[in-house]
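Dumped start_0.cif below, it's mmCIF, C-alpha atoms and all ligand atoms:
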data_coords
loop_
_atom_site.group_PDB
_atom_site.id
_atom_site.type_symbol
_atom_site.label_atom_id
_atom_site.label_comp_id
_atom_site.auth_asym_id
_atom_site.auth_seq_id
_atom_site.Cartn_x
_atom_site.Cartn_y
_atom_site.Cartn_z
ATOM 1 C CA MET L 1 -37.727 -56.242 -52.822
ATOM 2 C CA LEU L 2 -40.782 -58.208 -51.834
ATOM 3 C CA GLY L 3 -40.930 -59.605 -48.304
ATOM 4 C CA ILE L 4 -43.554 -62.117 -47.196
ATOM 5 C CA ASP L 5 -44.196 -63.292 -43.631
ATOM 6 C CA LEU L 6 -46.076 -66.568 -43.279
ATOM 7 C CA GLY L 7 -47.558 -67.379 -39.880
ATOM 8 C CA ALA L 8 -49.894 -70.052 -38.524
ATOM 9 C CA THR L 9 -53.081 -68.151 -39.420
ATOM 10 C CA LYS L 10 -52.106 -65.311 -41.718
ATOM 11 C CA VAL L 11 -49.716 -64.109 -44.372
ATOM 12 C CA VAL L 12 -48.593 -60.527 -44.967
ATOM 13 C CA SER L 13 -46.517 -59.118 -47.815
ATOM 14 C CA GLY L 14 -44.727 -55.842 -48.314
ATOM 15 C CA LEU L 15 -42.652 -54.041 -50.894
ATOM 16 C CA VAL L 16 -39.592 -52.984 -48.929
ATOM 17 C CA ALA L 17 -37.180 -50.167 -49.807
ATOM 18 C CA ARG L 18 -33.432 -50.512 -49.185
ATOM 19 C CA ASP L 19 -33.680 -48.673 -45.849
ATOM 20 C CA GLY L 20 -36.347 -51.057 -44.551
ATOM 21 C CA THR L 21 -39.330 -48.804 -45.208
ATOM 22 C CA VAL L 22 -42.420 -50.764 -46.250
ATOM 23 C CA VAL L 23 -43.614 -48.792 -49.267
ATOM 24 C CA HIS L 24 -46.652 -50.943 -49.941
ATOM 25 C CA HIS L 25 -48.307 -53.360 -47.523
ATOM 26 C CA SER L 26 -50.715 -56.125 -48.513
ATOM 27 C CA GLY L 27 -52.600 -56.091 -45.219
ATOM 28 C CA ARG L 28 -53.364 -59.386 -43.509
ATOM 29 C CA HIS L 29 -54.474 -62.305 -45.614
ATOM 30 C CA LEU L 30 -55.924 -65.001 -43.373
ATOM 31 C CA HIS L 31 -55.366 -68.551 -44.541
ATOM 32 C CA ALA L 32 -57.211 -71.706 -43.569
ATOM 33 C CA ASN L 33 -54.070 -73.625 -42.493
ATOM 34 C CA ASP L 34 -55.325 -76.432 -44.743
ATOM 35 C CA GLY L 35 -52.015 -77.792 -46.001
ATOM 36 C CA PRO L 36 -49.275 -76.466 -48.295
ATOM 37 C CA GLY L 37 -51.475 -76.131 -51.420
ATOM 38 C CA GLY L 38 -54.086 -73.852 -49.872
ATOM 39 C CA VAL L 39 -51.651 -71.852 -47.765
ATOM 40 C CA ILE L 40 -49.339 -71.241 -50.742
ATOM 41 C CA ARG L 41 -52.345 -70.018 -52.768
ATOM 42 C CA SER L 42 -53.085 -67.480 -49.989
ATOM 43 C CA LEU L 43 -49.420 -66.509 -49.919
ATOM 44 C CA VAL L 44 -49.388 -65.916 -53.670
ATOM 45 C CA ARG L 45 -52.573 -63.802 -53.455
ATOM 46 C CA SER L 46 -50.975 -61.696 -50.724
ATOM 47 C CA ALA L 47 -47.796 -61.282 -52.788
ATOM 48 C CA ARG L 48 -49.736 -60.333 -55.917
ATOM 49 C CA ALA L 49 -51.596 -57.635 -53.957
ATOM 50 C CA CYS L 50 -48.186 -55.991 -53.526
ATOM 51 C CA LEU L 51 -46.689 -56.832 -56.911
ATOM 52 C CA ASP L 52 -49.653 -55.163 -58.622
ATOM 53 C CA GLU L 53 -48.408 -51.920 -57.036
ATOM 54 C CA SER L 54 -44.789 -52.309 -58.158
ATOM 55 C CA ASP L 55 -43.242 -51.178 -61.445
ATOM 56 C CA GLY L 56 -42.146 -54.616 -62.518
ATOM 57 C CA PRO L 57 -41.312 -57.986 -61.045
ATOM 58 C CA PRO L 58 -39.003 -57.766 -58.018
ATOM 59 C CA ALA L 59 -35.442 -59.001 -58.452
ATOM 60 C CA ALA L 60 -35.969 -61.407 -55.588
ATOM 61 C CA ILE L 61 -38.599 -62.449 -53.068
ATOM 62 C CA GLY L 62 -37.969 -63.324 -49.421
ATOM 63 C CA VAL L 63 -40.341 -65.431 -47.328
ATOM 64 C CA SER L 64 -40.086 -65.763 -43.541
ATOM 65 C CA VAL L 65 -41.845 -68.669 -41.845
ATOM 66 C CA ALA L 66 -42.423 -69.523 -38.179
ATOM 67 C CA ALA L 67 -40.665 -72.831 -38.721
ATOM 68 C CA GLN L 68 -37.456 -74.798 -38.941
ATOM 69 C CA VAL L 69 -36.168 -73.773 -42.368
ATOM 70 C CA ASP L 70 -33.112 -74.689 -44.426
ATOM 71 C CA PRO L 71 -32.342 -71.307 -46.022
ATOM 72 C CA ARG L 72 -29.872 -72.819 -48.512
ATOM 73 C CA THR L 73 -32.545 -74.911 -50.212
ATOM 74 C CA GLY L 74 -35.618 -72.866 -49.275
ATOM 75 C CA THR L 75 -37.213 -75.940 -47.687
ATOM 76 C CA VAL L 76 -39.500 -75.738 -44.661
ATOM 77 C CA VAL L 77 -38.133 -78.709 -42.719
ATOM 78 C CA HIS L 78 -40.740 -78.702 -39.944
ATOM 79 C CA ALA L 79 -43.499 -76.221 -39.165
ATOM 80 C CA PRO L 80 -45.504 -77.558 -36.199
ATOM 81 C CA ASN L 81 -48.070 -74.721 -36.344
ATOM 82 C CA LEU L 82 -48.721 -75.368 -40.025
ATOM 83 C CA GLY L 83 -48.372 -79.166 -39.778
ATOM 84 C CA TRP L 84 -45.746 -79.161 -42.543
ATOM 85 C CA ARG L 85 -42.693 -81.361 -43.022
ATOM 86 C CA ASP L 86 -40.160 -80.984 -45.845
ATOM 87 C CA VAL L 87 -42.118 -78.555 -48.007
ATOM 88 C CA PRO L 88 -39.948 -77.070 -50.799
ATOM 89 C CA LEU L 89 -41.502 -73.640 -50.310
ATOM 90 C CA ALA L 90 -38.995 -71.614 -52.360
ATOM 91 C CA ARG L 91 -39.538 -73.827 -55.390
ATOM 92 C CA ARG L 92 -43.334 -73.925 -54.985
ATOM 93 C CA VAL L 93 -43.590 -70.123 -54.680
ATOM 94 C CA ALA L 94 -41.140 -69.561 -57.558
ATOM 95 C CA GLU L 95 -43.460 -71.634 -59.787
ATOM 96 C CA GLU L 96 -46.236 -69.114 -59.109
ATOM 97 C CA LEU L 97 -44.418 -65.789 -58.946
ATOM 98 C CA ASP L 98 -41.969 -64.335 -61.423
ATOM 99 C CA GLY L 99 -38.805 -63.987 -59.324
ATOM 100 C CA THR L 100 -36.169 -65.780 -57.298
ATOM 101 C CA VAL L 101 -37.451 -66.934 -53.919
ATOM 102 C CA HIS L 102 -35.533 -67.243 -50.633
ATOM 103 C CA VAL L 103 -36.969 -68.666 -47.415
ATOM 104 C CA LEU L 104 -35.765 -68.252 -43.824
ATOM 105 C CA ASN L 105 -36.965 -68.617 -40.248
ATOM 106 C CA ASP L 106 -39.030 -65.680 -38.953
ATOM 107 C CA ALA L 107 -36.905 -64.953 -35.857
ATOM 108 C CA ARG L 108 -33.767 -64.949 -38.005
ATOM 109 C CA ALA L 109 -35.511 -62.646 -40.472
ATOM 110 C CA ALA L 110 -36.450 -60.199 -37.691
ATOM 111 C CA THR L 111 -32.880 -60.335 -36.402
ATOM 112 C CA LEU L 112 -31.489 -59.628 -39.867
ATOM 113 C CA ALA L 113 -33.807 -56.613 -40.184
ATOM 114 C CA GLU L 114 -32.638 -55.189 -36.856
ATOM 115 C CA TRP L 115 -28.979 -55.977 -37.536
ATOM 116 C CA ARG L 116 -28.769 -54.431 -40.992
ATOM 117 C CA LEU L 117 -31.435 -51.739 -40.851
ATOM 118 C CA GLY L 118 -32.598 -51.229 -37.272
ATOM 119 C CA ALA L 119 -31.486 -51.236 -33.639
ATOM 120 C CA GLY L 120 -28.540 -53.565 -34.302
ATOM 121 C CA ARG L 121 -26.736 -51.448 -36.842
ATOM 122 C CA GLY L 122 -23.031 -50.903 -36.169
ATOM 123 C CA THR L 123 -22.346 -54.119 -34.277
ATOM 124 C CA GLY L 124 -21.389 -57.607 -35.428
ATOM 125 C CA ASN L 125 -22.440 -59.272 -32.172
ATOM 126 C CA LEU L 126 -26.038 -59.074 -31.133
ATOM 127 C CA PHE L 127 -28.836 -61.179 -29.819
ATOM 128 C CA CYS L 128 -32.392 -60.379 -30.785
ATOM 129 C CA LEU L 129 -34.911 -61.621 -28.209
ATOM 130 C CA VAL L 130 -38.457 -61.634 -29.535
ATOM 131 C CA LEU L 131 -41.156 -61.669 -26.863
ATOM 132 C CA GLY L 132 -44.571 -62.348 -28.297
ATOM 133 C CA THR L 133 -47.049 -65.161 -27.788
ATOM 134 C CA GLY L 134 -43.955 -67.357 -27.717
ATOM 135 C CA VAL L 135 -40.369 -66.418 -26.960
ATOM 136 C CA GLY L 136 -37.906 -66.639 -29.831
ATOM 137 C CA GLY L 137 -34.471 -65.419 -30.553
ATOM 138 C CA SER L 138 -31.562 -65.417 -32.890
ATOM 139 C CA ALA L 139 -27.894 -64.533 -32.676
ATOM 140 C CA VAL L 140 -25.435 -62.641 -34.829
ATOM 141 C CA VAL L 141 -21.922 -63.635 -33.737
ATOM 142 C CA ASP L 142 -18.784 -62.169 -35.324
ATOM 143 C CA ASP L 143 -20.843 -60.772 -38.227
ATOM 144 C CA ARG L 144 -22.645 -64.037 -38.967
ATOM 145 C CA LEU L 145 -26.327 -64.814 -38.485
ATOM 146 C CA LEU L 146 -26.047 -68.250 -36.859
ATOM 147 C CA GLU L 147 -28.168 -71.211 -38.005
ATOM 148 C CA GLY L 148 -27.124 -74.211 -35.880
ATOM 149 C CA GLY L 149 -26.874 -77.895 -36.765
ATOM 150 C CA SER L 150 -30.574 -78.239 -37.585
ATOM 151 C CA HIS L 151 -31.461 -74.552 -38.148
ATOM 152 C CA ALA L 152 -32.746 -74.132 -34.589
ATOM 153 C CA LEU L 153 -30.033 -72.087 -32.895
ATOM 154 C CA GLY L 154 -31.230 -69.385 -30.513
ATOM 155 C CA GLU L 155 -34.393 -71.044 -29.182
ATOM 156 C CA VAL L 156 -33.801 -69.456 -25.797
ATOM 157 C CA GLY L 157 -37.498 -69.575 -24.960
ATOM 158 C CA HIS L 158 -36.944 -73.213 -24.108
ATOM 159 C CA THR L 159 -34.038 -72.875 -21.719
ATOM 160 C CA THR L 160 -35.016 -73.924 -18.189
ATOM 161 C CA ILE L 161 -35.239 -71.069 -15.703
ATOM 162 C CA VAL L 162 -37.236 -72.896 -12.979
ATOM 163 C CA VAL L 163 -36.316 -76.493 -12.094
ATOM 164 C CA GLY L 164 -39.503 -78.581 -12.109
ATOM 165 C CA GLY L 165 -41.439 -75.472 -13.089
ATOM 166 C CA ARG L 166 -44.480 -74.751 -15.255
ATOM 167 C CA LYS L 167 -45.254 -77.061 -18.183
ATOM 168 C CA CYS L 168 -44.226 -75.538 -21.484
ATOM 169 C CA HIS L 169 -45.761 -76.089 -24.940
ATOM 170 C CA CYS L 170 -42.512 -77.915 -25.765
ATOM 171 C CA PRO L 171 -41.647 -81.250 -24.083
ATOM 172 C CA ASN L 172 -39.883 -79.467 -21.203
ATOM 173 C CA TRP L 173 -40.954 -77.935 -17.865
ATOM 174 C CA GLY L 174 -39.844 -74.618 -16.384
ATOM 175 C CA CYS L 175 -38.923 -72.981 -19.713
ATOM 176 C CA PHE L 176 -38.296 -69.224 -19.997
ATOM 177 C CA GLU L 177 -41.293 -69.078 -22.386
ATOM 178 C CA ALA L 178 -43.509 -70.833 -19.816
ATOM 179 C CA TYR L 179 -43.133 -67.695 -17.645
ATOM 180 C CA VAL L 180 -42.733 -64.722 -20.009
ATOM 181 C CA GLY L 181 -44.361 -65.827 -23.276
ATOM 182 C CA GLY L 182 -47.661 -64.049 -23.922
ATOM 183 C CA TRP L 183 -49.613 -67.293 -23.434
ATOM 184 C CA ALA L 184 -47.812 -67.947 -20.138
ATOM 185 C CA ILE L 185 -48.347 -64.422 -18.792
ATOM 186 C CA ALA L 186 -52.040 -64.866 -19.592
ATOM 187 C CA GLU L 187 -52.108 -68.248 -17.820
ATOM 188 C CA ARG L 188 -50.277 -66.931 -14.743
ATOM 189 C CA THR L 189 -52.630 -63.954 -14.518
ATOM 190 C CA GLN L 190 -55.728 -66.142 -14.900
ATOM 191 C CA GLU L 191 -54.484 -68.411 -12.103
ATOM 192 C CA ALA L 192 -53.805 -65.400 -9.875
ATOM 193 C CA VAL L 193 -57.315 -63.949 -10.276
ATOM 194 C CA ARG L 194 -58.894 -67.348 -9.586
ATOM 195 C CA ALA L 195 -56.799 -67.635 -6.420
ATOM 196 C CA ASP L 196 -57.640 -64.082 -5.338
ATOM 197 C CA PRO L 197 -61.054 -63.067 -6.770
ATOM 198 C CA THR L 198 -61.160 -59.848 -4.738
ATOM 199 C CA GLY L 199 -57.698 -58.677 -5.804
ATOM 200 C CA GLY L 200 -58.383 -59.829 -9.366
ATOM 201 C CA ARG L 201 -61.725 -58.058 -9.799
ATOM 202 C CA ALA L 202 -60.367 -55.188 -11.920
ATOM 203 C CA LEU L 203 -58.498 -57.575 -14.231
ATOM 204 C CA VAL L 204 -61.598 -59.724 -14.747
ATOM 205 C CA GLU L 205 -63.794 -56.664 -15.391
ATOM 206 C CA ARG L 206 -61.346 -55.357 -17.970
ATOM 207 C CA ALA L 207 -61.207 -58.683 -19.859
ATOM 208 C CA GLY L 208 -64.861 -59.721 -19.427
ATOM 209 C CA SER L 209 -64.059 -63.076 -17.825
ATOM 210 C CA PRO L 210 -61.008 -64.785 -16.271
ATOM 211 C CA GLU L 211 -60.377 -66.932 -19.344
ATOM 212 C CA MET L 212 -60.298 -63.860 -21.620
ATOM 213 C CA ILE L 213 -57.433 -62.252 -19.703
ATOM 214 C CA THR L 214 -54.358 -61.763 -21.910
ATOM 215 C CA ALA L 215 -50.895 -60.305 -21.293
ATOM 216 C CA HIS L 216 -52.216 -57.008 -22.655
ATOM 217 C CA THR L 217 -55.063 -57.041 -20.109
ATOM 218 C CA LEU L 218 -52.409 -57.360 -17.438
ATOM 219 C CA PHE L 219 -50.349 -54.471 -18.833
ATOM 220 C CA ALA L 220 -53.402 -52.196 -19.106
ATOM 221 C CA SER L 221 -54.448 -52.959 -15.509
ATOM 222 C CA TYR L 222 -50.889 -52.386 -14.352
ATOM 223 C CA ARG L 223 -50.943 -48.944 -15.989
ATOM 224 C CA ALA L 224 -54.239 -48.221 -14.242
ATOM 225 C CA GLY L 225 -52.506 -48.859 -10.900
ATOM 226 C CA ASP L 226 -54.046 -52.234 -10.035
ATOM 227 C CA ALA L 227 -52.155 -53.898 -7.153
ATOM 228 C CA LEU L 228 -52.405 -57.518 -8.305
ATOM 229 C CA ALA L 229 -51.361 -56.523 -11.824
ATOM 230 C CA GLY L 230 -48.393 -54.676 -10.324
ATOM 231 C CA ARG L 231 -47.295 -57.783 -8.439
ATOM 232 C CA LEU L 232 -47.589 -59.945 -11.577
ATOM 233 C CA VAL L 233 -45.637 -57.462 -13.710
ATOM 234 C CA ARG L 234 -42.834 -57.337 -11.097
ATOM 235 C CA GLU L 235 -42.763 -61.137 -11.073
ATOM 236 C CA THR L 236 -42.605 -61.188 -14.896
ATOM 237 C CA GLU L 237 -39.693 -58.750 -14.764
ATOM 238 C CA ARG L 238 -37.785 -61.104 -12.456
ATOM 239 C CA PHE L 239 -38.281 -64.038 -14.834
ATOM 240 C CA LEU L 240 -37.313 -61.848 -17.778
ATOM 241 C CA ALA L 241 -34.158 -60.716 -15.990
ATOM 242 C CA ASP L 242 -33.207 -64.340 -15.201
ATOM 243 C CA GLY L 243 -33.569 -65.357 -18.844
ATOM 244 C CA ALA L 244 -31.787 -62.294 -20.222
ATOM 245 C CA VAL L 245 -28.779 -62.753 -17.913
ATOM 246 C CA SER L 246 -28.369 -66.344 -19.154
ATOM 247 C CA ILE L 247 -28.684 -65.300 -22.806
ATOM 248 C CA VAL L 248 -26.039 -62.583 -22.428
ATOM 249 C CA ASN L 249 -23.685 -64.941 -20.568
ATOM 250 C CA ALA L 250 -24.109 -67.597 -23.274
ATOM 251 C CA PHE L 251 -23.913 -65.458 -26.432
ATOM 252 C CA ASN L 252 -21.825 -62.447 -25.287
ATOM 253 C CA PRO L 253 -23.659 -59.933 -27.482
ATOM 254 C CA SER L 254 -22.493 -56.321 -27.632
ATOM 255 C CA ARG L 255 -26.174 -55.460 -27.902
ATOM 256 C CA LEU L 256 -29.278 -57.295 -26.762
ATOM 257 C CA ILE L 257 -32.307 -56.196 -28.762
ATOM 258 C CA LEU L 258 -35.752 -56.673 -27.277
ATOM 259 C CA GLY L 259 -38.563 -56.978 -29.803
ATOM 260 C CA GLY L 260 -42.007 -58.485 -30.250
ATOM 261 C CA GLY L 261 -45.493 -57.435 -29.243
ATOM 262 C CA LEU L 262 -44.987 -57.826 -25.493
ATOM 263 C CA VAL L 263 -42.058 -55.428 -25.361
ATOM 264 C CA ALA L 264 -43.853 -52.985 -27.649
ATOM 265 C CA GLY L 265 -46.620 -52.949 -25.012
ATOM 266 C CA MET L 266 -44.184 -52.697 -22.100
ATOM 267 C CA PRO L 267 -41.008 -50.787 -23.106
ATOM 268 C CA GLU L 268 -40.242 -50.449 -19.366
ATOM 269 C CA PHE L 269 -38.792 -53.970 -19.657
ATOM 270 C CA VAL L 270 -35.711 -52.512 -21.409
ATOM 271 C CA PRO L 271 -34.150 -50.709 -18.388
ATOM 272 C CA VAL L 272 -35.122 -53.617 -16.103
ATOM 273 C CA VAL L 273 -33.209 -56.044 -18.307
ATOM 274 C CA GLU L 274 -30.288 -53.647 -18.671
ATOM 275 C CA SER L 275 -29.799 -53.239 -14.920
ATOM 276 C CA ALA L 276 -30.013 -57.023 -14.385
ATOM 277 C CA ILE L 277 -27.286 -57.544 -17.002
ATOM 278 C CA ARG L 278 -25.009 -54.933 -15.368
ATOM 279 C CA ALA L 279 -25.489 -56.428 -11.920
ATOM 280 C CA ARG L 280 -25.610 -60.149 -12.585
ATOM 281 C CA CYS L 281 -23.775 -61.119 -15.787
ATOM 282 C CA GLN L 282 -20.230 -62.377 -15.584
ATOM 283 C CA PRO L 283 -17.961 -59.318 -15.907
ATOM 284 C CA PRO L 284 -16.771 -59.705 -19.547
ATOM 285 C CA ALA L 285 -20.391 -59.903 -20.768
ATOM 286 C CA ALA L 286 -21.970 -57.394 -18.380
ATOM 287 C CA GLY L 287 -21.371 -54.376 -20.605
ATOM 288 C CA ALA L 288 -23.940 -55.441 -23.232
ATOM 289 C CA GLU L 289 -26.215 -52.601 -24.320
ATOM 290 C CA VAL L 290 -29.954 -53.235 -24.333
ATOM 291 C CA ALA L 291 -32.060 -51.663 -27.057
ATOM 292 C CA LEU L 292 -35.691 -51.652 -28.081
ATOM 293 C CA ALA L 293 -36.252 -53.128 -31.558
ATOM 294 C CA ARG L 294 -36.867 -50.589 -34.328
ATOM 295 C CA PHE L 295 -39.295 -52.692 -36.304
ATOM 296 C CA GLY L 296 -42.640 -53.841 -34.978
ATOM 297 C CA GLU L 297 -44.794 -56.602 -36.376
ATOM 298 C CA ASP L 298 -43.334 -56.141 -39.891
ATOM 299 C CA ALA L 299 -39.785 -57.003 -38.739
ATOM 300 C CA SER L 300 -39.862 -60.493 -40.263
ATOM 301 C CA LEU L 301 -41.149 -59.423 -43.662
ATOM 302 C CA ILE L 302 -38.591 -56.587 -43.775
ATOM 303 C CA GLY L 303 -35.865 -59.081 -42.853
ATOM 304 C CA ALA L 304 -37.097 -61.536 -45.480
ATOM 305 C CA ALA L 305 -36.853 -58.837 -48.162
ATOM 306 C CA GLU L 306 -33.367 -57.900 -46.923
ATOM 307 C CA PHE L 307 -32.320 -61.577 -47.018
ATOM 308 C CA ALA L 308 -33.505 -61.818 -50.628
ATOM 309 C CA ARG L 309 -31.657 -58.614 -51.533
ATOM 310 C CA ARG L 310 -28.397 -59.928 -50.033
ATOM 311 C CA HIS L 311 -28.564 -63.391 -51.620
ATOM 312 C CA GLY L 312 -28.432 -62.952 -55.369
ATOM 313 C CA MET L 313 -28.040 -66.663 -56.007
ATOM 314 C CA PRO L 314 -31.395 -68.121 -56.890
ATOM 315 C CA SER L 315 -31.736 -70.712 -54.139
ATOM 316 C CA ALA L 316 -34.893 -72.109 -55.662
ATOM 317 C CA HIS L 317 -32.995 -73.102 -58.788
ATOM 318 C CA ARG L 318 -29.787 -74.490 -57.289
HETATM 319 ZN ZN ZN M 1 -40.306 -74.983 -23.687
#

Could you render the structure from this file as structure tokens?
Amino acid sequence: MLGIDLGATKVVSGLVARDGTVVHHSGRHLHANDGPGGVIRSLVRSARACLDESDGPPAAIGVSVAAQVDPRTGTVVHAPNLGWRDVPLARRVAEELDGTVHVLNDARAATLAEWRLGAGRGTGNLFCLVLGTGVGGSAVVDDRLLEGGSHALGEVGHTTIVVGGRKCHCPNWGCFEAYVGGWAIAERTQEAVRADPTGGRALVERAGSPEMITAHTLFASYRAGDALAGRLVRETERFLADGAVSIVNAFNPSRLILGGGLVAGMPEFVPVVESAIRARCQPPAAGAEVALARFGEDASLIGAAEFARRHGMPSAHR
């Protein structure tokens, strides 16, 4: 199966074996984000870099997109980062590549990969929380990957955890993402070093300047024993615990899977979240296991390939 992951600045493709192993990877193909025509040309180049390595055309192709997607029609309904509305991506890609094309949301694709092939195997009720630059998520409930009324179910990054709190990138204030998303951790750290230049000296030296501080700068300084970084990491853990308790109360997963680049850089978040769930969730939900995701940054392309493998019906031609 061929899996393709389309993001705001890049596209990656991979030939994926049945067990989720990526047997050939295209590498990153940057695109100019210059509208559907140009981006789809980059996508097709990335796909062909993989297909050239395969023995024949794949039976089906899966594409994950950081967007609101209708997986039944393969249409990208709205992709704010790409500036797209109502782009029939499955049909457009099928015109270029010899195969059936399926399209789904990237968080749902990552969740499908973990559920069928990774840390979610063996349960029909899980929530996959993806902590990266933004905070995304997706739920499997009673053996179904949920979509929602407008294909946006599971956007837990935009649940309010602080009333009247920090401005989010969405229309709301005080969102979970506005505290624990990578961009928000960077912002909070930059504010802290400006407020306390002496305490923040090590963080600034590591990054080069206050505005170059990222979440990963914070984590590296924390590991080096920096006091201000330690305080900010503890604070991040409290926000993360607040959000995770609400997610588990709302979705009642048997397993909460933590994935994304932030958790990969800070696996210590897993036991912190687990103990918060045991202590603070309502009793019927408090037994949820917490697991680290199996798949890293290829989770969405692996899930896209798995989605294509499971959906034999050619959605692009319905
Ligand atoms: Zn928000």

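Shortest separation to ligand ZN 1 (chain M) among L:Pro283, L:Pro171, L:Gly208, L:Gly181 occurs at residue L:Pro171, atoms counted being only C-alpha atoms and all ligand atoms.
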
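For the pair CA of Leu301 (chain L) and CA of Glu96 (chain L), the separation is 18.9 Å.
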
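Among L:Val130, L:Leu292, L:Val162, L:Leu51, the residue with the shortest atom-to-atom distance to ligand ZN 1 (chain M), counting only C-alpha atoms and all ligand atoms, is L:Val162.
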
- Query: Given a cut-off of 7 Å, what residues near ligand ZN 1 (chain M) show up using all atoms listed in the file, put as a PyMOL selection string?
  - Reply: chain L and resi 157-159+168-173+175+177-178

Write the residues of the selection above to a file with C-alpha atoms, as a PDB file, keeping the file's coordinate frame.
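The result, stored in again-v7.pdb:
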ATOM      1  CA  GLY L 157     -37.498 -69.575 -24.960  1.00  0.00           C
ATOM      2  CA  HIS L 158     -36.944 -73.213 -24.108  1.00  0.00           C
ATOM      3  CA  THR L 159     -34.038 -72.875 -21.719  1.00  0.00           C
ATOM      4  CA  CYS L 168     -44.226 -75.538 -21.484  1.00  0.00           C
ATOM      5  CA  HIS L 169     -45.761 -76.089 -24.940  1.00  0.00           C
ATOM      6  CA  CYS L 170     -42.512 -77.915 -25.765  1.00  0.00           C
ATOM      7  CA  PRO L 171     -41.647 -81.250 -24.083  1.00  0.00           C
ATOM      8  CA  ASN L 172     -39.883 -79.467 -21.203  1.00  0.00           C
ATOM      9  CA  TRP L 173     -40.954 -77.935 -17.865  1.00  0.00           C
ATOM     10  CA  CYS L 175     -38.923 -72.981 -19.713  1.00  0.00           C
ATOM     11  CA  GLU L 177     -41.293 -69.078 -22.386  1.00  0.00           C
ATOM     12  CA  ALA L 178     -43.509 -70.833 -19.816  1.00  0.00           C
TER      13      ALA L 178
END

Hey, what comes out of the PyMOL selection byres (((chain L and resi 246) around 12) and not hetatm) on this file? Could you write it as a ChimeraX atom specification? /L:127,156-157,159-161,176,239-245,247-253,256,273,276-277,280-282,285-286

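One distance worth recording is that between CA of Leu97 (chain L) and CA of Ala308 (chain L), which is 14.3 Å.
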
- prompt: Leaving out Pro36 (chain L) and any residue of its chain fewer than 4 positions from it, which residues lie within 8 Å of it when counting only C-alpha atoms, given as number ranges by chain?
  reply: L: 40, 84, 87

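Going from CA of Thr189 (chain L) to CA of Val204 (chain L) covers 9.9 Å.
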
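The protein and nucleic acid residues lying at most 9 Å from Tyr222 (chain L) are L:Thr217, L:Ala227, L:Leu228, L:Ala229, L:Gly230, L:Arg231, L:Leu232, L:Val233, with all atoms listed in the file considered and sequence neighbours fewer than 5 positions away removed.
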
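The residue that comes closest to Arg206 (chain L), out of L:Ala220, L:Val135, L:Leu82, L:Val44 and on the basis of all atoms listed in the file, is L:Ala220.
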
Q: Considering only C-alpha atoms, return as a ChimeraX atom specification whatever protein or nucleic-acid residues lie within 8 Å of Thr9 (chain L), sequence-local ones (same chain, fewer than 2 positions apart) excluded.
A: /L:7,11,30-33

- Message: Need to verify the contact set: region 305-307 of chain L, 7 Å, only C-alpha atoms, exclusion of same-chain residues closer than 4 positions in sequence. Can you return it as number ranges by chain?
- Response: L: 1-3, 16, 61-62, 113, 301, 311

Written selection (C-alpha atoms) as a CSV table (one decimal), in the coordinates of the input:
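Here's the written file again.csv:
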chain,number,residue,atom,x,y,z
L,1,MET,CA,-37.7,-56.2,-52.8
L,2,LEU,CA,-40.8,-58.2,-51.8
L,3,GLY,CA,-40.9,-59.6,-48.3
L,16,VAL,CA,-39.6,-53.0,-48.9
L,61,ILE,CA,-38.6,-62.4,-53.1
L,62,GLY,CA,-38.0,-63.3,-49.4
L,113,ALA,CA,-33.8,-56.6,-40.2
L,301,LEU,CA,-41.1,-59.4,-43.7
L,311,HIS,CA,-28.6,-63.4,-51.6

| request: With a distance cut-off of 9 Å and only C-alpha atoms, select the neighbouring residues of His216 (chain L), excluding the residue or stretch itself and same-chain residues fewer than 4 positions from it, and output the selection as number ranges by chain. | output: L: 182, 186, 220-221, 262, 265

From the list L:Leu43, L:Ala152, L:Val263, L:Val101, the nearest residue to Val77 (chain L) using all atoms listed in the file is L:Ala152

Worksheet item: Need the neighbours of (-42.0, -55.1, -31.2): which residues are at most 12 Å away, counting only C-alpha atoms, as a ChimeraX atom specification?
Response: /L:110-111,114,118-119,128-133,257-267,270,291-300

- Task: Taking the file above as input, evaluate the PyMOL selection byres (((chain L and resi 98) around 9) and not hetatm) and report the hits as a ChimeraX atom specification.
- Result: /L:57-60,94-97,99-100

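With only C-alpha atoms as the basis for measurement, L:Leu112 is the residue among L:Asp86, L:Val12, L:Leu112, L:Val163 that approaches Leu146 (chain L) most closely.
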